$ cat protein_28.txt   # compact mmCIF, C-alpha atoms
# COMPACT_ATOMS: atom_id res chain seq x y z
CA MET A 18 121.87 100.28 129.21
CA PRO A 19 119.49 97.49 130.22
CA THR A 20 116.58 97.64 132.61
CA GLY A 21 117.79 97.80 136.19
CA ALA A 22 121.17 99.37 135.37
CA ALA A 23 120.48 102.19 137.83
CA SER A 24 120.92 99.78 140.73
CA PRO A 25 124.47 99.12 141.96
CA ASP A 26 123.37 95.51 142.50
CA ALA A 27 122.40 95.01 138.85
CA PRO A 28 124.12 91.96 137.26
CA TYR A 29 125.48 94.25 134.54
CA PHE A 30 125.09 97.85 133.37
CA TRP A 31 125.78 97.57 129.63
CA GLN A 32 124.98 95.02 126.98
CA SER A 33 126.44 94.72 123.48
CA GLU A 34 124.68 92.64 120.87
CA LYS A 35 127.86 92.67 118.79
CA ASP A 36 129.62 90.11 120.97
CA GLY A 37 127.33 89.64 123.96
CA SER A 38 129.73 91.38 126.33
CA THR A 39 128.32 93.17 129.37
CA ASN A 40 131.42 95.02 130.60
CA GLY A 41 130.82 98.21 128.61
CA GLU A 42 134.04 97.73 126.63
CA ILE A 43 134.33 97.84 122.85
CA THR A 44 137.21 98.00 120.38
CA ILE A 45 136.68 100.07 117.23
CA ALA A 46 138.67 101.75 114.48
CA ILE A 47 139.34 105.43 114.05
CA SER A 48 136.31 107.34 112.67
CA ASP A 49 133.89 104.66 113.87
CA TYR A 50 130.77 105.64 115.77
CA VAL A 51 129.53 104.27 119.06
CA ASN A 52 125.84 104.58 119.79
CA TRP A 53 124.43 104.10 123.28
CA GLU A 54 120.71 103.60 123.93
CA ASN A 55 119.02 103.90 127.28
CA ALA A 56 116.73 100.87 127.62
CA ASP A 57 116.43 101.37 131.37
CA THR A 58 113.51 102.98 133.18
CA ALA A 59 115.85 105.55 134.78
CA ALA A 60 117.76 108.44 133.19
CA HIS A 61 121.51 108.02 132.60
CA THR A 62 124.47 109.84 131.08
CA VAL A 63 127.37 108.65 128.94
CA THR A 64 130.21 110.90 130.06
CA SER A 65 133.89 110.57 129.14
CA GLY A 66 136.27 110.32 132.08
CA THR A 67 136.18 108.35 135.31
CA ALA A 68 134.10 108.46 138.46
CA LYS A 69 137.28 109.07 140.45
CA ASP A 70 138.68 111.97 138.42
CA GLY A 71 135.45 113.28 136.94
CA PRO A 72 134.56 114.22 133.32
CA ASP A 73 137.45 114.90 130.95
CA GLY A 74 135.40 116.93 128.45
CA ARG A 75 135.81 114.63 125.44
CA PHE A 76 132.14 113.72 125.10
CA ASP A 77 128.98 113.88 127.16
CA SER A 78 125.46 112.77 126.35
CA SER A 79 123.88 114.96 129.03
CA LEU A 80 120.91 113.37 130.80
CA MET A 81 119.38 110.61 128.65
CA ALA A 82 115.73 109.84 129.28
CA PRO A 83 114.51 106.23 128.93
CA GLY A 84 114.34 105.28 125.26
CA SER A 85 116.77 107.99 124.12
CA SER A 86 120.20 107.44 122.56
CA PHE A 87 123.57 109.13 122.19
CA MET A 88 126.08 108.74 119.36
CA HIS A 89 129.73 109.81 119.24
CA GLN A 90 132.41 109.48 116.56
CA PHE A 91 135.97 108.70 117.64
CA ILE A 92 138.58 110.44 115.49
CA GLU A 93 141.83 109.64 117.30
CA ALA A 94 143.32 106.38 118.53
CA GLY A 95 143.42 105.84 122.27
CA ASN A 96 141.48 104.54 125.26
CA TYR A 97 138.34 106.45 126.23
CA PRO A 98 136.84 105.57 129.63
CA TYR A 99 133.28 106.65 130.30
CA PHE A 100 130.74 106.47 133.12
CA CYS A 101 127.29 107.62 134.20
CA LEU A 102 127.29 110.84 136.22
CA VAL A 103 124.09 109.81 137.99
CA HIS A 104 125.19 106.23 138.68
CA PRO A 105 129.02 106.32 138.85
CA TRP A 106 129.32 102.53 139.26
CA MET A 107 128.32 102.28 135.59
CA THR A 108 131.70 102.38 133.83
CA GLY A 109 133.10 101.28 130.48
CA THR A 110 135.89 101.95 127.99
CA VAL A 111 136.06 102.52 124.23
CA PHE A 112 139.35 101.32 122.72
CA VAL A 113 140.05 103.09 119.42
CA GLU A 114 142.66 101.54 117.15
CA SER A 115 144.10 102.64 113.82
CA ALA A 116 143.20 100.27 111.00
CA LEU A 117 143.99 102.42 107.99
CA LEU A 118 146.65 102.43 105.33
CA VAL A 119 149.18 105.26 105.38
CA ILE A 120 150.82 107.51 102.80
CA PRO A 121 153.96 108.54 104.75
CA ASN A 122 155.83 111.86 104.79
CA VAL A 123 153.52 113.79 102.49
CA GLY A 124 155.09 117.22 101.97
CA ALA A 125 158.72 116.18 102.44
CA ASP A 126 159.54 117.32 98.90
CA VAL A 127 158.31 120.90 99.30
CA GLY A 128 159.12 123.91 101.46
CA ASP A 129 161.74 123.26 104.12
CA GLY A 130 161.02 119.52 104.02
CA LYS A 131 160.30 119.49 107.75
CA THR A 132 156.55 119.89 107.59
CA THR A 133 155.28 116.42 106.74
CA PHE A 134 152.10 114.44 107.23
CA ASP A 135 151.29 110.76 107.41
CA VAL A 136 147.96 110.71 105.55
CA GLU A 137 145.75 107.75 106.30
CA TYR A 138 143.21 106.32 103.89
CA ASP A 139 140.83 103.43 103.28
CA PHE A 140 140.66 101.91 99.82
CA ASN A 141 140.56 98.59 97.96
CA ARG A 142 143.79 99.49 96.16
CA VAL A 143 147.10 101.12 97.09
CA VAL A 144 147.71 104.87 97.04
CA ALA A 145 151.40 104.69 96.24
CA SER A 146 152.43 108.33 96.49
CA ALA A 147 151.28 111.90 96.95
CA ARG A 148 152.92 114.85 95.16
CA ILE A 149 152.22 118.47 96.11
CA GLN A 150 151.95 121.27 93.55
CA LYS A 151 152.25 124.42 95.68
CA ASP A 152 151.56 126.86 92.84
CA GLN A 153 148.28 125.06 92.04
CA LYS A 154 147.42 124.44 95.70
CA SER A 155 146.88 120.77 94.88
CA ILE A 156 147.99 117.25 95.69
CA THR A 157 148.18 114.44 93.14
CA PHE A 158 147.84 110.85 94.36
CA GLU A 159 149.08 107.88 92.32
CA ILE A 160 146.95 104.72 92.58
CA VAL A 161 148.28 101.25 91.80
CA GLY A 162 147.32 97.58 92.11
CA LYS A 163 144.22 95.54 91.46
CA PRO A 164 140.99 96.06 93.39
CA LYS A 165 140.60 93.78 96.42
CA SER A 166 136.84 94.34 96.58
CA GLU A 167 133.99 95.82 94.56
CA ASP A 168 133.86 98.97 96.68
CA ASN A 169 135.82 101.59 94.73
CA THR A 170 135.24 104.43 97.17
CA LEU A 171 138.45 106.05 98.37
CA THR A 172 138.31 107.63 101.82
CA LEU A 173 141.08 110.15 102.50
CA MET A 174 141.80 111.71 105.88
CA LEU A 175 143.19 115.13 104.96
CA PRO A 176 144.48 117.46 107.69
CA LYS A 177 143.41 121.03 107.02
CA THR A 178 146.97 122.25 107.53
CA LEU A 179 148.05 119.99 104.66
CA ILE A 180 145.33 121.02 102.20
CA ASN A 181 142.18 122.86 103.12
CA GLY A 182 138.84 122.91 101.32
CA PRO A 183 136.54 123.49 99.63
CA TYR A 184 138.00 121.03 97.13
CA ILE A 185 137.93 120.49 93.39
CA ILE A 186 138.68 116.85 92.56
CA TRP A 187 139.82 115.25 89.31
CA ALA A 188 140.40 111.56 88.53
CA ASP A 189 142.31 110.70 85.37
CA GLY A 190 141.39 114.07 83.82
CA LYS A 191 137.69 113.86 84.68
CA GLN A 192 136.17 116.09 87.34
CA ILE A 193 134.38 114.31 90.17
CA THR A 194 131.48 116.23 91.68
CA ASP A 195 129.68 113.55 93.70
CA PHE A 196 132.29 113.19 96.44
CA GLN A 197 131.36 113.62 100.09
CA MET A 198 133.23 115.59 102.72
CA SER A 199 132.83 115.94 106.46
CA SER A 200 134.96 117.80 108.97
CA GLU A 201 136.12 116.63 112.40
CA GLY A 202 138.39 119.05 114.22
CA GLY A 203 141.47 119.62 112.08
CA ILE A 204 140.63 116.79 109.66
CA ASN A 205 138.61 116.76 106.44
CA ILE A 206 137.28 113.26 105.70
CA VAL A 207 136.75 112.97 101.94
CA LYS A 208 134.96 110.02 100.31
CA ILE A 209 135.56 109.83 96.57
CA PRO A 210 133.88 107.37 94.15
CA LEU A 211 136.46 106.08 91.67
CA SER A 212 136.53 103.49 88.91
CA SER A 213 138.29 100.15 89.34
CA ASN A 214 141.12 101.30 87.03
CA SER A 215 141.67 104.88 88.25
CA GLU A 216 145.37 105.77 88.28
CA ARG A 217 145.67 109.43 89.23
CA LEU A 218 143.69 111.63 91.58
CA THR A 219 144.22 115.37 91.98
CA ILE A 220 142.69 117.44 94.76
CA THR A 221 142.85 121.23 94.59
CA GLY A 222 142.09 123.25 97.70
CA THR A 223 142.15 126.82 98.94
CA SER A 224 145.52 126.37 100.63
CA VAL A 225 148.26 123.77 100.68
CA ILE A 226 151.04 122.82 103.11
CA PRO A 227 152.84 125.89 104.54
CA GLU A 228 156.48 126.41 103.75
CA PHE A 229 157.52 126.19 107.38
CA GLY A 230 156.02 124.49 110.40
CA PRO A 231 156.28 121.60 112.82
CA ILE A 232 156.05 117.99 111.76
CA SER A 233 152.42 116.95 111.77
CA MET A 234 150.71 113.60 111.81
CA VAL A 235 147.14 112.68 110.99
CA ILE A 236 145.30 109.62 112.29
CA LEU A 237 141.84 108.22 111.41
CA ALA A 238 139.53 105.31 109.61
CA VAL A 239 136.28 104.23 108.27
CA GLY A 240 133.63 102.21 109.45
CA VAL A 241 130.62 102.44 111.52
CA PHE A 242 129.92 100.42 114.60
CA GLY A 243 127.36 100.51 117.33
CA ILE A 244 127.50 99.25 120.91
CA ILE A 245 125.42 98.92 123.99
CA ALA A 246 122.19 99.70 122.29
CA LEU A 247 121.55 100.73 118.70
CA SER A 248 123.45 99.75 115.56
CA VAL A 249 124.83 102.31 113.12
CA ARG A 250 126.18 99.84 110.61
CA ALA A 251 124.96 96.96 108.48
CA GLN A 252 126.10 94.54 111.22
CA LYS A 253 123.84 95.67 114.04
CA PHE A 254 124.83 95.48 117.65
CA ILE A 255 121.45 96.26 119.18
CA ARG A 256 118.12 96.44 117.45
CA PRO A 257 116.15 99.68 117.85
CA ASN A 258 113.63 99.66 120.66
CA ALA A 259 115.06 96.40 122.02
CA ASN A 260 114.11 95.65 125.60
CA LEU A 261 117.56 95.01 127.08
$ encode --input "protein_28.txt" --output "structure tokens"
Amino acid sequence: MPTGAASPDAPYFWQSEKDGSTNGEITIAISDYVNWENADTAAHTVTSGTAKDGPDGRFDSSLMAPGSSFMHQFIEAGNYPYFCLVHPWMTGTVFVESALLVIPNVGADVGDGKTTFDVEYDFNRVVASARIQKDQKSITFEIVGKPKSEDNTLTLMLPKTLINGPYIIWADGKQITDFQMSSEGGINIVKIPLSSNSERLTITGTSVIPEFGPISMVILAVGVFGIIALSVRAQKFIRPNANL
């Protein structure tokens, strides 16, 4: 939010160093972050919704003093309009798109076969299949193909109704203890360091897919982006403390 954004006559109300746009719009992938920084001399808010219909409750920065920032992670695909409660002519939209690979119909081979999940993931190889062992409360993933990059970290988006944590993780018979896990709503995002030739990954949880239930889908991705103000990724959009 550049200096002067509080005026309805300002030439623009947002500025992105990523692409130079000033319309407050950005396109990101699921699980990316957007970080707004107030470089104006007036206080602002970043509130989801529209000035016409009001806040929709998805996210709200509350009142941001000059020099402060607000970050939000977007977990589901869709279009997210936002505006400033104090200056409602300041509007923008975050477009969230799915850019992940998918393991389809996980769970179709157990229970009644009707409770299935499309599990999304990010990896430099292909996760070819996922097999559930209900008695062990675990899922085994088969990995194939040659690495497409040097980053061998597998990021899995696991719905809690498919398999809930805490997790014990094994890769090719060796336990992995240095994985990372975060939770967003009904999703556990698990980042697992693997070797370039890993073939089998088993995750054991506290519960696994129920025998009966509605068809479920899971959507998400990896990456970190910043807009409007301060970068949260290696490719910065706005430098900290920039006078915009």
$ atom_distance --input "protein_28.txt" --atom1 "atom CA of Ala188 of chain A" --atom2 "atom CA of Glu159 of chain A"
10.2 Å
$ residues_around --input "protein_28.txt" --residues "Cys101 of chain A" --least-positions-apart "5" --cutoff "8 Å" --atoms "only C-alpha atoms" --output "VMD selection string"
chain A and resid 61 to 64 106 to 108
$ closest_residue --input "protein_28.txt" --among "A:Ser79, A:Thr110, A:Thr178, A:Asn214" --to "Asn141 of chain A" --atoms "only C-alpha atoms"
A:Asn214
$ atom_distance --input "protein_28.txt" --atom1 "atom CA of Pro164 of chain A" --atom2 "atom CA of Ile209 of chain A"
15.1 Å
$ closest_residue --input "protein_28.txt" --among "A:Ser86, A:Ser33, A:Asn40, A:Ser213" --to "Lys165 of chain A" --atoms "all atoms listed in the file"
A:Ser213
$ atom_distance --input "protein_28.txt" --atom1 "atom CA of Ser78 of chain A" --atom2 "atom CA of Thr39 of chain A"
20.0 Å
$ residues_around --input "protein_28.txt" --residues "Asn122 of chain A" --least-positions-apart "6" --cutoff "7 Å" --atoms "all atoms listed in the file" --output "VMD selection string"
chain A and resid 133 to 135
$ residues_near_point --input "protein_28.txt" --point "(117.4, 108.9, 127.1)" --cutoff "8 Å" --atoms "all atoms listed in the file" --output "mmCIF file with C-alpha atoms, keeping the file's coordinate frame"
data_model
loop_
_atom_site.group_PDB
_atom_site.id
_atom_site.type_symbol
_atom_site.label_atom_id
_atom_site.label_comp_id
_atom_site.auth_asym_id
_atom_site.auth_seq_id
_atom_site.Cartn_x
_atom_site.Cartn_y
_atom_site.Cartn_z
ATOM 1 C CA GLU A 54 120.710 103.600 123.930
ATOM 2 C CA ASN A 55 119.020 103.900 127.280
ATOM 3 C CA ALA A 60 117.760 108.440 133.190
ATOM 4 C CA HIS A 61 121.510 108.020 132.600
ATOM 5 C CA LEU A 80 120.910 113.370 130.800
ATOM 6 C CA MET A 81 119.380 110.610 128.650
ATOM 7 C CA ALA A 82 115.730 109.840 129.280
ATOM 8 C CA PRO A 83 114.510 106.230 128.930
ATOM 9 C CA GLY A 84 114.340 105.280 125.260
ATOM 10 C CA SER A 85 116.770 107.990 124.120
ATOM 11 C CA SER A 86 120.200 107.440 122.560
ATOM 12 C CA PHE A 87 123.570 109.130 122.190
#
$ residues_around --input "protein_28.txt" --residues "Ser166 of chain A" --least-positions-apart "3" --cutoff "12 Å" --atoms "all atoms listed in the file" --output "PDB file with C-alpha atoms, in the coordinates of the input"
ATOM      1  CA  ASP A 139     140.830 103.430 103.280  1.00  0.00           C
ATOM      2  CA  PHE A 140     140.660 101.910  99.820  1.00  0.00           C
ATOM      3  CA  ASN A 141     140.560  98.590  97.960  1.00  0.00           C
ATOM      4  CA  ARG A 142     143.790  99.490  96.160  1.00  0.00           C
ATOM      5  CA  GLY A 162     147.320  97.580  92.110  1.00  0.00           C
ATOM      6  CA  LYS A 163     144.220  95.540  91.460  1.00  0.00           C
ATOM      7  CA  ASN A 169     135.820 101.590  94.730  1.00  0.00           C
ATOM      8  CA  THR A 170     135.240 104.430  97.170  1.00  0.00           C
ATOM      9  CA  LEU A 171     138.450 106.050  98.370  1.00  0.00           C
ATOM     10  CA  SER A 212     136.530 103.490  88.910  1.00  0.00           C
ATOM     11  CA  SER A 213     138.290 100.150  89.340  1.00  0.00           C
TER      12      SER A 213
END
$ residues_around --input "protein_28.txt" --residues "Lys154 of chain A" --least-positions-apart "3" --cutoff "8 Å" --atoms "only C-alpha atoms" --output "list of chain:residue names"
A:Ile149, A:Gln150, A:Lys151, A:Ile180, A:Thr221, A:Gly222, A:Thr223, A:Ser224, A:Val225
$ closest_residue --input "protein_28.txt" --among "A:Phe76, A:Tyr138, A:Trp31, A:Trp187" --to "Thr172 of chain A" --atoms "only C-alpha atoms"
A:Tyr138
$ residues_near_point --input "protein_28.txt" --point "(143.7, 114.2, 95.2)" --cutoff "9 Å" --atoms "all atoms listed in the file" --output "list in words"
Ala147, Ser155, Ile156, Thr157, Phe158, Glu159, Leu173, Ile185, Ile186, Trp187, Ala188, Arg217, Leu218, Thr219, Ile220 and Thr221 of chain A
$ closest_residue --input "protein_28.txt" --among "A:Ile226, A:Val103, A:Ile120, A:Val161" --to "Pro25 of chain A" --atoms "all atoms listed in the file"
A:Val103
